[in-house]
Amino acid sequence: MQLFPRGVILPFQKGKTLMRGVEEMPAPCAVRLPVAMAQAESPIAHLAEDTPLATGQELCRQGDLPIRSPISGTLEGSVVINHALFGDLLCADIQPDGEAEERLPIVPEEELTPESILNIAREAAVYDELDGSPLWQKLQQWKLPQSGRANDCILVADATENDIYGSSAWAVLMEQPRLVLFGLQAAAKALGMSRYHIATLLPRHRRRVLKRAIGRENVYTVEDEYPVTQFADDKLTVYRIGVQACLALGRALKQGICHTSAIVTVAGDGVPAARNIRVPFGTDLSAVLSACQAETDVRLVLGDAMTGTTCPDLHTPLMPGITTVLAMKHQPIRVPKPCIGCGRCAEVCHARLLPYEIVRRLENMHYERLQHLSPADCDGCSACSYVCPAGRDVAADVLKAGEAKGMYLTWGEDDNE
Ligand code: SF4
Ligand code: SF4
């Protein structure tokens, strides 16, 4: 491990996944696609059991956004599942059958307008894998209020993948670089931005291949340290979307294909070989693990090693926003010891916080002045926990302090400070 003034270099475990293309799930599996919270009225009640469905067929709408069937098959009805992260969810239960696919009408490229691009992003149900939110909603919120700001802003497709195991963004980029760029350009057009590029941390020879494919002006190389904080040159306001979202938008615009699957890195010491695999939304992760020959007694982590969440139930459906799934056989258990005041957590904090001091005040209930240490600026990157020689989960405590703001951080506020 190498320390930097801000950030930390991680030991990449991406390995051979980088050399392999994107694989398909070997056989279509049944999916349980979340359509609403369990308490809500079923939005698919109008569909009879045994309704045949095509891939991409609209099941219902969540507000303006269509929810589309990720596979071709038969609707068996609805089931309530207890999702480890989202609680009780009502899901459409779809059994695979056939290869029917529904596509959107294609608008000729020269007729695409910002409005029509947004409409297609919505109708194709494109999700941004960076946070699992609908791309259309994001772009609408970001639309530049005045064209005068356009030169100060840049839209970035984030292919940095600087966490430990994930390589799905790199795999997508190596496989379909032009379509990713096309989707990015369209998203920039929808926003009224003239600047855009793909930010990446690819190994040098892969970067060369990428630059040859899409032009060096479209590729930006980020610093090799975790977490990445600079996605473009200084002074530009960066708006970030995922490369899978760019690809999905490109496919919707050029081919009318709806966004019904994610490319997921399956890795960890519980699988014989890490791989990137295309998985329909709603697929049971236990099926994904078994397709990757994972061992049965593994711990499932949704997300990558630094910020992922342990998921106690292997029978969890894949949702948009998950691009790394770890099957961990050995999970290092750290026994936290008292803070030794080494300051390493502060050294690596890109938000320039004093994590040890925030935690100290939290533990000692010295809530006064805690807000002046800005714990709410913490984004949970976990670099501080990673470097802590005392084995403390510093990030969790800083996040707790940040989230608790409304509850007690103003207790005993000192006006003299
Ligand atoms: S988790 Fe928060 S406190 Fe820790 S290094 Fe990241 S931003 Fe800083
Ligand atoms: S890195 Fe850990 S031991 Fe060092 S100051 Fe921070 S919390 Fe304390």
# chains A, B, ... in the order shown; residues from 1 in each chain; ligands from 1

$ residues_near_ligand --ligand "ligand 1" --cutoff "10 Å" --atoms "only C-alpha atoms and all ligand atoms" --output "short mmCIF file (atom, residue, chain, number, x, y, z; two decimals) with C-alpha atoms, in the first residue's frame"
data_model
loop_
_atom_site.label_atom_id
_atom_site.label_comp_id
_atom_site.auth_asym_id
_atom_site.auth_seq_id
_atom_site.Cartn_x
_atom_site.Cartn_y
_atom_site.Cartn_z
CA ARG A 6 -4.82 12.72 -0.14
CA GLY A 7 -6.03 9.32 -1.24
CA VAL A 8 -4.57 5.86 -1.24
CA TYR A 226 -8.44 6.16 -4.44
CA PRO A 227 -10.86 7.86 -4.37
CA MET A 306 -14.40 -0.23 -0.19
CA THR A 307 -18.01 0.85 -0.19
CA ARG A 344 -3.34 8.69 8.74
CA CYS A 345 -7.11 8.93 8.40
CA ALA A 346 -6.78 12.69 7.96
CA GLU A 347 -3.87 12.27 5.53
CA VAL A 348 -5.92 10.21 3.09
CA CYS A 349 -9.23 12.04 3.42
CA HIS A 350 -9.98 13.71 0.10
CA ALA A 351 -12.70 15.80 1.78
CA ARG A 352 -9.98 17.24 4.02
CA LEU A 353 -11.77 16.25 7.20
CA LEU A 354 -10.26 15.27 10.53
CA PRO A 355 -11.90 11.86 10.92
CA TYR A 356 -10.16 10.95 14.21
CA ILE A 358 -14.89 13.78 14.57
CA VAL A 359 -14.94 10.26 16.02
CA SER A 374 -18.15 19.21 8.65
CA PRO A 375 -18.83 15.47 9.00
CA ALA A 376 -21.66 15.91 6.46
CA ASP A 377 -18.97 16.44 3.77
CA CYS A 378 -17.96 12.78 4.12
CA ASP A 379 -18.99 10.70 1.09
CA GLY A 380 -18.23 7.36 2.74
CA CYS A 381 -15.27 6.51 0.48
CA SER A 382 -13.79 4.47 3.41
CA ALA A 383 -10.18 5.40 2.67
CA CYS A 384 -9.81 6.38 6.35
CA SER A 385 -11.01 2.97 7.57
CA TYR A 386 -8.72 1.25 5.08
CA VAL A 387 -5.56 2.91 6.38
CA ASP A 393 -14.22 1.65 11.02
CA VAL A 394 -13.62 5.37 11.03
CA ALA A 395 -15.77 6.03 7.97
CA ALA A 396 -18.87 4.50 9.57
CA ASP A 397 -18.54 6.81 12.57
CA VAL A 398 -17.93 9.90 10.45
CA LEU A 399 -20.99 9.06 8.37
CA GLY A 402 -22.84 13.50 9.38
#

$ residues_around --residues "A:Asn151" --least-positions-apart "6" --cutoff "12 Å" --atoms "only C-alpha atoms" --output "JSON, numbers by chain"
{"A": [144, 192, 193, 194, 195, 196, 235, 236, 237, 238]}

$ write_last_selection --atoms "N, CA and C atoms" --output "PDB file, in the first residue's frame"
ATOM      1  N   LEU A 144     -28.831  22.736 -18.338  1.00  0.00           N
ATOM      2  CA  LEU A 144     -28.273  24.036 -18.015  1.00  0.00           C
ATOM      3  C   LEU A 144     -29.345  25.114 -18.070  1.00  0.00           C
ATOM      4  N   GLY A 192     -27.322  20.442 -23.292  1.00  0.00           N
ATOM      5  CA  GLY A 192     -26.832  21.711 -23.854  1.00  0.00           C
ATOM      6  C   GLY A 192     -25.376  21.939 -23.538  1.00  0.00           C
ATOM      7  N   MET A 193     -24.604  20.860 -23.342  1.00  0.00           N
ATOM      8  CA  MET A 193     -23.172  21.001 -23.039  1.00  0.00           C
ATOM      9  C   MET A 193     -22.350  20.637 -24.262  1.00  0.00           C
ATOM     10  N   SER A 194     -21.315  21.405 -24.516  1.00  0.00           N
ATOM     11  CA  SER A 194     -20.467  21.096 -25.670  1.00  0.00           C
ATOM     12  C   SER A 194     -19.247  20.280 -25.243  1.00  0.00           C
ATOM     13  N   ARG A 195     -18.986  20.239 -23.934  1.00  0.00           N
ATOM     14  CA  ARG A 195     -17.805  19.495 -23.468  1.00  0.00           C
ATOM     15  C   ARG A 195     -18.219  18.158 -22.853  1.00  0.00           C
ATOM     16  N   TYR A 196     -17.455  17.144 -23.190  1.00  0.00           N
ATOM     17  CA  TYR A 196     -17.702  15.824 -22.622  1.00  0.00           C
ATOM     18  C   TYR A 196     -16.434  14.999 -22.805  1.00  0.00           C
ATOM     19  N   LYS A 235     -11.453  23.838 -12.544  1.00  0.00           N
ATOM     20  CA  LYS A 235     -12.339  24.975 -12.886  1.00  0.00           C
ATOM     21  C   LYS A 235     -13.571  24.581 -13.684  1.00  0.00           C
ATOM     22  N   LEU A 236     -13.642  23.346 -14.153  1.00  0.00           N
ATOM     23  CA  LEU A 236     -14.854  22.930 -14.848  1.00  0.00           C
ATOM     24  C   LEU A 236     -15.794  22.272 -13.847  1.00  0.00           C
ATOM     25  N   THR A 237     -17.065  22.551 -13.968  1.00  0.00           N
ATOM     26  CA  THR A 237     -18.042  21.857 -13.130  1.00  0.00           C
ATOM     27  C   THR A 237     -18.349  20.529 -13.801  1.00  0.00           C
ATOM     28  N   VAL A 238     -18.132  19.449 -13.050  1.00  0.00           N
ATOM     29  CA  VAL A 238     -18.252  18.106 -13.625  1.00  0.00           C
ATOM     30  C   VAL A 238     -19.628  17.513 -13.317  1.00  0.00           C
TER      31      VAL A 238
END

$ closest_residue --among "A:Cys388, A:Ile257, A:Ala36, A:Cys311" --to "ligand 2" --atoms "only C-alpha atoms and all ligand atoms"
A:Cys388

$ select_by_dssp --residues "stretch 124-310 of chain A" --states "alpha helix (DSSP H)" --output "ChimeraX atom specification"
/A:135-142,168-175,177-191,204-214,243-255,285-291

$ closest_residue --among "A:Leu373, A:Ala150, A:Gly343, A:Tyr220" --to "ligand 2" --atoms "only C-alpha atoms and all ligand atoms"
A:Gly343

$ residues_around --residues "A:Asp64" --least-positions-apart "4" --cutoff "12 Å" --atoms "only C-alpha atoms" --output "ChimeraX atom specification"
/A:60,119,121-125,134,136-137

$ write_last_selection --atoms "C-alpha atoms" --output "short mmCIF file (atom, residue, chain, number, x, y, z; two decimals), in the first residue's frame"
data_model
loop_
_atom_site.label_atom_id
_atom_site.label_comp_id
_atom_site.auth_asym_id
_atom_site.auth_seq_id
_atom_site.Cartn_x
_atom_site.Cartn_y
_atom_site.Cartn_z
CA CYS A 60 -46.36 -0.52 -15.55
CA ASN A 119 -37.84 11.21 -24.05
CA ALA A 121 -33.86 7.96 -22.23
CA ARG A 122 -37.11 7.84 -20.26
CA GLU A 123 -39.02 5.46 -22.53
CA ALA A 124 -36.07 3.07 -22.77
CA ALA A 125 -35.91 3.13 -18.93
CA PRO A 134 -33.17 6.97 -13.89
CA TRP A 136 -33.66 10.82 -17.71
CA GLN A 137 -34.44 12.35 -14.29
#

$ closest_residue --among "A:Leu104, A:Val172, A:Ala401, A:Ile340" --to "ligand 2" --atoms "only C-alpha atoms and all ligand atoms"
A:Ile340

$ closest_atom_pairs --of "stretch 242-303 of chain A" --to "stretch 76-99 of chain A" --cutoff "12 Å" --atoms "only C-alpha atoms" --output "CSV"
residue,atom,partner,partner_atom,distance
A:Pro280,CA,A:Pro96,CA,11.1
A:Phe281,CA,A:Ile94,CA,11.4
A:Gly282,CA,A:Cys91,CA,8.6
A:Thr283,CA,A:Ile94,CA,9.9
A:Asp284,CA,A:His83,CA,11.2
A:Leu285,CA,A:His83,CA,11.8
A:Leu300,CA,A:Ala84,CA,11.0
A:Val301,CA,A:Ala84,CA,11.1
A:Leu302,CA,A:Leu85,CA,9.5
A:Gly303,CA,A:Leu85,CA,11.9

$ write_last_selection --atoms "N, CA and C atoms" --output "tab-separated table (two decimals), in the first residue's frame"
chain	number	residue	atom	x	y	z
A	280	PRO	N	-29.84	-9.83	-16.59
A	280	PRO	CA	-31.11	-9.08	-16.61
A	280	PRO	C	-31.45	-8.57	-15.20
A	281	PHE	N	-32.00	-7.36	-15.13
A	281	PHE	CA	-32.46	-6.83	-13.84
A	281	PHE	C	-33.46	-7.82	-13.24
A	282	GLY	N	-33.43	-7.97	-11.94
A	282	GLY	CA	-34.39	-8.86	-11.27
A	282	GLY	C	-33.89	-10.29	-11.14
A	283	THR	N	-32.74	-10.60	-11.77
A	283	THR	CA	-32.22	-11.97	-11.66
A	283	THR	C	-31.73	-12.23	-10.24
A	284	ASP	N	-32.05	-13.40	-9.74
A	284	ASP	CA	-31.62	-13.78	-8.40
A	284	ASP	C	-30.08	-13.88	-8.38
A	285	LEU	N	-29.46	-13.19	-7.42
A	285	LEU	CA	-27.99	-13.19	-7.40
A	285	LEU	C	-27.42	-14.57	-7.10
A	300	LEU	N	-22.05	-12.63	0.56
A	300	LEU	CA	-22.33	-11.80	-0.61
A	300	LEU	C	-22.13	-10.33	-0.27
A	301	VAL	N	-21.36	-9.64	-1.10
A	301	VAL	CA	-21.19	-8.19	-0.92
A	301	VAL	C	-21.71	-7.51	-2.18
A	302	LEU	N	-22.65	-6.60	-2.01
A	302	LEU	CA	-23.17	-5.84	-3.14
A	302	LEU	C	-22.37	-4.55	-3.24
A	303	GLY	N	-21.69	-4.38	-4.36
A	303	GLY	CA	-20.80	-3.23	-4.50
A	303	GLY	C	-19.38	-3.70	-4.29

$ residues_around --residues "A:Thr55" --least-positions-apart "2" --cutoff "9 Å" --atoms "only C-alpha atoms" --output "list of chain:residue names"
A:Leu53, A:Gln57, A:Glu58, A:Arg68, A:Ser69, A:Pro70, A:Ile71, A:Ser72, A:Gly73, A:Glu99, A:Ala100, A:Glu101, A:Glu102, A:Arg103, A:Cys258, A:Thr260

$ write_last_selection --atoms "C-alpha atoms" --output "PDB file, in the first residue's frame"
ATOM      1  CA  LEU A  53     -44.130 -10.794 -22.058  1.00  0.00           C
ATOM      2  CA  GLN A  57     -42.319  -4.747 -22.774  1.00  0.00           C
ATOM      3  CA  GLU A  58     -43.819  -2.183 -20.448  1.00  0.00           C
ATOM      4  CA  ARG A  68     -40.050  -2.920 -18.508  1.00  0.00           C
ATOM      5  CA  SER A  69     -39.766  -6.677 -18.504  1.00  0.00           C
ATOM      6  CA  PRO A  70     -36.070  -7.657 -18.465  1.00  0.00           C
ATOM      7  CA  ILE A  71     -36.690 -11.017 -20.120  1.00  0.00           C
ATOM      8  CA  SER A  72     -39.047 -12.648 -22.560  1.00  0.00           C
ATOM      9  CA  GLY A  73     -41.372 -14.986 -20.685  1.00  0.00           C
ATOM     10  CA  GLU A  99     -36.924 -14.643 -27.329  1.00  0.00           C
ATOM     11  CA  ALA A 100     -39.535 -12.011 -28.124  1.00  0.00           C
ATOM     12  CA  GLU A 101     -38.272  -8.444 -27.814  1.00  0.00           C
ATOM     13  CA  GLU A 102     -40.047  -5.124 -27.956  1.00  0.00           C
ATOM     14  CA  ARG A 103     -38.099  -2.155 -29.308  1.00  0.00           C
ATOM     15  CA  CYS A 258     -34.578  -0.778 -23.831  1.00  0.00           C
ATOM     16  CA  THR A 260     -33.118  -4.254 -19.151  1.00  0.00           C
TER      17      THR A 260
END

$ atom_distance --atom1 "atom CA of A:Thr221" --atom2 "atom CA of A:Thr200"
5.2 Å

$ select_by_dssp --residues "stretch 71-206 of chain A" --states "strand (DSSP E)" --output "CSV table (one decimal) with C-alpha atoms, in the first residue's frame"
chain,number,residue,atom,x,y,z
A,73,GLY,CA,-41.4,-15.0,-20.7
A,74,THR,CA,-44.6,-15.4,-18.8
A,75,LEU,CA,-45.9,-13.3,-16.0
A,76,GLU,CA,-46.6,-15.7,-13.1
A,77,GLY,CA,-48.0,-13.1,-10.8
A,78,SER,CA,-46.6,-10.9,-8.1
A,79,VAL,CA,-44.6,-11.8,-5.0
A,80,VAL,CA,-43.4,-9.9,-2.0
A,81,ILE,CA,-39.8,-10.3,-1.1
A,82,ASN,CA,-37.8,-8.9,1.8
A,83,HIS,CA,-34.8,-7.2,0.1
A,87,GLY,CA,-37.0,-3.8,2.7
A,88,ASP,CA,-40.3,-5.4,1.6
A,89,LEU,CA,-40.8,-5.0,-2.2
A,90,LEU,CA,-43.6,-6.1,-4.5
A,91,CYS,CA,-42.1,-7.9,-7.5
A,92,ALA,CA,-43.3,-9.1,-10.8
A,93,ASP,CA,-42.5,-12.8,-11.0
A,94,ILE,CA,-41.5,-13.7,-14.6
A,95,GLN,CA,-40.6,-17.1,-15.9
A,96,PRO,CA,-38.3,-17.2,-19.0
A,127,TYR,CA,-30.7,3.8,-15.4
A,128,ASP,CA,-27.4,5.3,-14.4
A,133,SER,CA,-31.4,6.4,-10.6
A,134,PRO,CA,-33.2,7.0,-13.9
A,153,CYS,CA,-19.4,22.6,-17.5
A,154,ILE,CA,-18.4,19.1,-18.7
A,155,LEU,CA,-20.3,15.8,-18.9
A,156,VAL,CA,-18.1,12.9,-17.9
A,157,ALA,CA,-18.6,9.2,-18.5
A,158,ASP,CA,-17.0,7.7,-15.4
A,159,ALA,CA,-15.0,4.7,-16.3
A,196,TYR,CA,-17.7,15.8,-22.6
A,197,HIS,CA,-15.2,13.0,-22.2
A,198,ILE,CA,-14.7,9.6,-20.8
A,199,ALA,CA,-12.6,9.6,-17.6
A,200,THR,CA,-10.7,6.4,-17.2

$ residues_around --residues "A:Leu247" --least-positions-apart "2" --cutoff "6 Å" --atoms "only C-alpha atoms" --output "list of chain:residue names"
A:Leu179, A:Val180, A:Gly183, A:Gln244, A:Ala245, A:Leu249, A:Gly250

$ residues_around --residues "A:Asp224" --least-positions-apart "5" --cutoff "12 Å" --atoms "only C-alpha atoms" --output "NGL selection string"
:A and (2-4 or 6-12 or 160-163 or 199-204 or 229-231)

$ closest_residue --among "A:Pro389, A:Pro336, A:Pro34, A:Gly215" --to "ligand 2" --atoms "only C-alpha atoms and all ligand atoms"
A:Pro389

$ decode --residues "stretch 67-98 of chain A" --atoms "C-alpha atoms" --output "compact mmCIF listing (two decimals), in the first residue's frame"
# COMPACT_ATOMS: atom_id res chain seq x y z
CA ILE A 67 -40.89 -0.42 -15.80
CA ARG A 68 -40.05 -2.92 -18.51
CA SER A 69 -39.77 -6.68 -18.50
CA PRO A 70 -36.07 -7.66 -18.47
CA ILE A 71 -36.69 -11.02 -20.12
CA SER A 72 -39.05 -12.65 -22.56
CA GLY A 73 -41.37 -14.99 -20.68
CA THR A 74 -44.62 -15.42 -18.83
CA LEU A 75 -45.88 -13.33 -15.95
CA GLU A 76 -46.59 -15.73 -13.11
CA GLY A 77 -48.05 -13.08 -10.84
CA SER A 78 -46.56 -10.92 -8.11
CA VAL A 79 -44.58 -11.82 -4.99
CA VAL A 80 -43.43 -9.86 -1.97
CA ILE A 81 -39.78 -10.26 -1.11
CA ASN A 82 -37.76 -8.94 1.76
CA HIS A 83 -34.84 -7.22 0.07
CA ALA A 84 -31.79 -6.99 2.28
CA LEU A 85 -31.20 -3.34 1.36
CA PHE A 86 -34.61 -1.96 0.44
CA GLY A 87 -37.03 -3.80 2.73
CA ASP A 88 -40.29 -5.41 1.55
CA LEU A 89 -40.78 -5.05 -2.19
CA LEU A 90 -43.56 -6.14 -4.51
CA CYS A 91 -42.06 -7.91 -7.50
CA ALA A 92 -43.33 -9.13 -10.85
CA ASP A 93 -42.52 -12.85 -11.02
CA ILE A 94 -41.54 -13.70 -14.62
CA GLN A 95 -40.59 -17.15 -15.92
CA PRO A 96 -38.32 -17.19 -19.00
CA ASP A 97 -39.69 -18.44 -22.28
CA GLY A 98 -38.87 -17.54 -25.90
